[in-house]
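**Student:** One structure, pasted below without further comment.
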Amino acid sequence: MDSVKQPAILSKAAVAFEYASLRYRAHCPLGMYVTPSVENPAVWDAVLFVHQGYYTDSILKFRITFPAQYPERPPVVQFMTDVFHPLISHQDGTFNLAPKFRPWRPKEHHVYDILHWIKASFKKHALDQIKESDSLNKEAYRLYVLSYHDSTSSFAALATQSSMLSQTASALFDRDHPSMANKGPHHGIVFKELKPEQSAALRARLGLQEWDDDPIKEKETTATIS
């Protein structure tokens, strides 16, 4: 076998194995959905629904890109949705894996470990452990530290604002939303807005109970893979 091609083949096999392993119980965190890119299996698109903490109700799109040297080198995680977070660069959405994987150990660390770390990073316990040297958004880090002494925390307000913006129609449905600029190909998980009758039919098919009358019901969404 060509010595140049062998590492690339091994990397592709490792990525495929990692994705297959997500079917095992607890490997893929609850509230997270992941799919490989149709154009490039070394790129995975994902969505995280945050259910508690400062970022409650956030709907966050992110991308995992595997280098040709994987698993010797770790993948790169980039958030496509704008989010105010100490570990996420406000410039390009890069997420810092280092606090959890220092150093990266290819025989011990797996993608499901990364997925669980991403989810955990939005919880207070993980936020409390972040060091300034690891923060990619220094302003978010500074405000989080100050939040310990400020009951009307600016950090909490900006995190809530991030959550609200992530739920807007433009952020969910517009594939050319400004937050996606200069972040590569379109995200592979597409949200589609449902009309009330479509929502009712889908819920009936799934055996779900109807909600009480609520304005949110008029803008219910569902995620599909493009």
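By order of appearance in the structure tokens: chains A, B, ..., then residues from 1 within every chain, and ligands from 1 in the order shown.
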If we count only C-alpha atoms and set the cut-off at 9 Å, which residues sit around Gln69 (chain A), ignoring sequence neighbours fewer than 5 positions away in its own chain? Please answer as a list in words.
**Tutor:**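 Neighbouring residues, sequence-local ones excluded: Pro7, Ala8, Leu10, Ser11 and Pro74 of chain A.
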**Student:** Would you write out, as a tab-separated table, a table of all residues in region 23-97 of chain A that have an atom no more than 8 Å from an atom of region 157-162 of chain A, listing for each the closest atom pair and the distance in Å to one decimal, considering only C-alpha atoms and ordering rows by chain and rising residue number?
**Tutor:**
```
residue	atom	partner	partner_atom	distance
A:Tyr54	CA	A:Ala159	CA	5.9
A:Tyr55	CA	A:Ala159	CA	5.7
A:Thr56	CA	A:Thr160	CA	7.6
A:Ser58	CA	A:Ser162	CA	7.4
A:Asp82	CA	A:Ser162	CA	7.1
A:Val83	CA	A:Ser162	CA	5.3
A:Phe84	CA	A:Ala159	CA	5.9
A:His85	CA	A:Ala159	CA	7.4
```
**Student:** Could you name the residues that touch Pro41 (chain A) at 9 Å or less, counting only C-alpha atoms, but leaving out those on the same chain fewer than 5 positions away, as a list in words?
**Tutor:** Lys12, Val15, Ala16, Pro36 and Phe66 of chain A
**Student:** For Lys131 (chain A), work out the shell of residues within 12 Å, counting only C-alpha atoms and skipping chain neighbours fewer than 2 positions away, then give it as a VMD selection string.
**Tutor:** chain A and resid 86 to 87 96 98 to 100 126 to 129 133 to 138 140 to 142 144 to 145
**Student:** I'd like the contact shell of Glu72 (chain A) - 9 Å cut-off, only C-alpha atoms, skipping same-chain residues fewer than 5 positions apart - returned as number ranges by chain.
**Tutor:** A: 11, 104-107
**Student:** Those same residues, written as a PDB file, in the first residue's frame with all heavy atoms?
**Tutor:**
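Output (result.pdb):
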```pdb
ATOM      1  N   SER A  11      -7.219   7.175   8.780  1.00  0.00           N
ATOM      2  CA  SER A  11      -7.979   8.272   9.363  1.00  0.00           C
ATOM      3  C   SER A  11      -9.457   8.153   9.022  1.00  0.00           C
ATOM      4  O   SER A  11     -10.320   8.315   9.891  1.00  0.00           O
ATOM      5  CB  SER A  11      -7.434   9.617   8.867  1.00  0.00           C
ATOM      6  OG  SER A  11      -8.215  10.683   9.363  1.00  0.00           O
ATOM      7  N   TRP A 104      -4.103  15.790  24.159  1.00  0.00           N
ATOM      8  CA  TRP A 104      -4.954  14.844  23.447  1.00  0.00           C
ATOM      9  C   TRP A 104      -4.275  13.480  23.417  1.00  0.00           C
ATOM     10  O   TRP A 104      -3.114  13.355  23.030  1.00  0.00           O
ATOM     11  CB  TRP A 104      -5.205  15.335  22.032  1.00  0.00           C
ATOM     12  CG  TRP A 104      -5.932  14.355  21.147  1.00  0.00           C
ATOM     13  CD1 TRP A 104      -5.364  13.527  20.224  1.00  0.00           C
ATOM     14  CD2 TRP A 104      -7.341  14.116  21.110  1.00  0.00           C
ATOM     15  NE1 TRP A 104      -6.342  12.782  19.604  1.00  0.00           N
ATOM     16  CE2 TRP A 104      -7.571  13.115  20.129  1.00  0.00           C
ATOM     17  CE3 TRP A 104      -8.434  14.633  21.796  1.00  0.00           C
ATOM     18  CZ2 TRP A 104      -8.838  12.639  19.817  1.00  0.00           C
ATOM     19  CZ3 TRP A 104      -9.698  14.161  21.493  1.00  0.00           C
ATOM     20  CH2 TRP A 104      -9.894  13.174  20.517  1.00  0.00           C
ATOM     21  N   ARG A 105      -4.991  12.448  23.855  1.00  0.00           N
ATOM     22  CA  ARG A 105      -4.443  11.091  23.859  1.00  0.00           C
ATOM     23  C   ARG A 105      -5.253  10.228  22.895  1.00  0.00           C
ATOM     24  O   ARG A 105      -6.376   9.823  23.209  1.00  0.00           O
ATOM     25  CB  ARG A 105      -4.492  10.511  25.272  1.00  0.00           C
ATOM     26  CG  ARG A 105      -3.629  11.250  26.280  1.00  0.00           C
ATOM     27  CD  ARG A 105      -3.643  10.576  27.642  1.00  0.00           C
ATOM     28  NE  ARG A 105      -2.723  11.207  28.578  1.00  0.00           N
ATOM     29  CZ  ARG A 105      -3.046  12.220  29.373  1.00  0.00           C
ATOM     30  NH1 ARG A 105      -4.289  12.701  29.346  1.00  0.00           N
ATOM     31  NH2 ARG A 105      -2.162  12.745  30.195  1.00  0.00           N
ATOM     32  N   PRO A 106      -4.710   9.943  21.722  1.00  0.00           N
ATOM     33  CA  PRO A 106      -5.469   9.242  20.683  1.00  0.00           C
ATOM     34  C   PRO A 106      -5.961   7.854  21.065  1.00  0.00           C
ATOM     35  O   PRO A 106      -6.951   7.381  20.510  1.00  0.00           O
ATOM     36  CB  PRO A 106      -4.489   9.185  19.504  1.00  0.00           C
ATOM     37  CG  PRO A 106      -3.134   9.394  20.105  1.00  0.00           C
ATOM     38  CD  PRO A 106      -3.346  10.298  21.269  1.00  0.00           C
ATOM     39  N   LYS A 107      -5.290   7.202  22.012  1.00  0.00           N
ATOM     40  CA  LYS A 107      -5.724   5.861  22.398  1.00  0.00           C
ATOM     41  C   LYS A 107      -6.749   5.881  23.530  1.00  0.00           C
ATOM     42  O   LYS A 107      -7.321   4.845  23.870  1.00  0.00           O
ATOM     43  CB  LYS A 107      -4.511   5.023  22.808  1.00  0.00           C
ATOM     44  CG  LYS A 107      -3.556   4.745  21.649  1.00  0.00           C
ATOM     45  CD  LYS A 107      -2.394   3.864  22.082  1.00  0.00           C
ATOM     46  CE  LYS A 107      -1.457   3.575  20.915  1.00  0.00           C
ATOM     47  NZ  LYS A 107      -0.315   2.713  21.327  1.00  0.00           N
TER      48      LYS A 107
END
```
**Student:** For the structure I just gave you, how does DSSP split region 10-219 of chain A - specifically, which residues are strand (DSSP E)? Reply as a ChimeraX atom specification.
**Tutor:** /A:32-36,43-49,59-65,76-79,94-95,189-193
**Student:** Which is closer to Arg73 (chain A) than all the others in A:Leu60, A:Val111, A:Ala201, A:Met32, using only C-alpha atoms?
**Tutor:**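 Ranking A:Leu60, A:Val111, A:Ala201, A:Met32 by distance to Arg73 (chain A), first place goes to A:Val111.
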**Student:** Could you pull out all residues of chain A with a DSSP call of helix (DSSP H, G or I) and give them as number ranges by chain?
**Tutor:** A: 5-21, 111-120, 124-129, 132-134, 138-149, 154-166, 169-173, 178-180, 196-206, 215-219
**Student:** Out of A:Leu143, A:Val190, A:Leu97, A:Leu22, which residue has the shortest atom-to-atom distance to Ala120 (chain A) when counting only C-alpha atoms?
**Tutor:**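 The closest residue to Ala120 (chain A) is A:Leu97.
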**Student:** One number please: CA of Met80 (chain A) to CA of Cys28 (chain A), in Å, one decimal.
**Tutor:**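 Value for the CA of Met80 (chain A)-CA of Cys28 (chain A) distance: 19.5 Å.
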**Student:** Kindly indicate which residue among A:Leu165, A:Val38, A:Leu115, A:Val77 lies nearest to Ile59 (chain A), using only C-alpha atoms for the distances.
**Tutor:**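 Of the candidates, the smallest distance to Ile59 (chain A) is held by A:Leu165.
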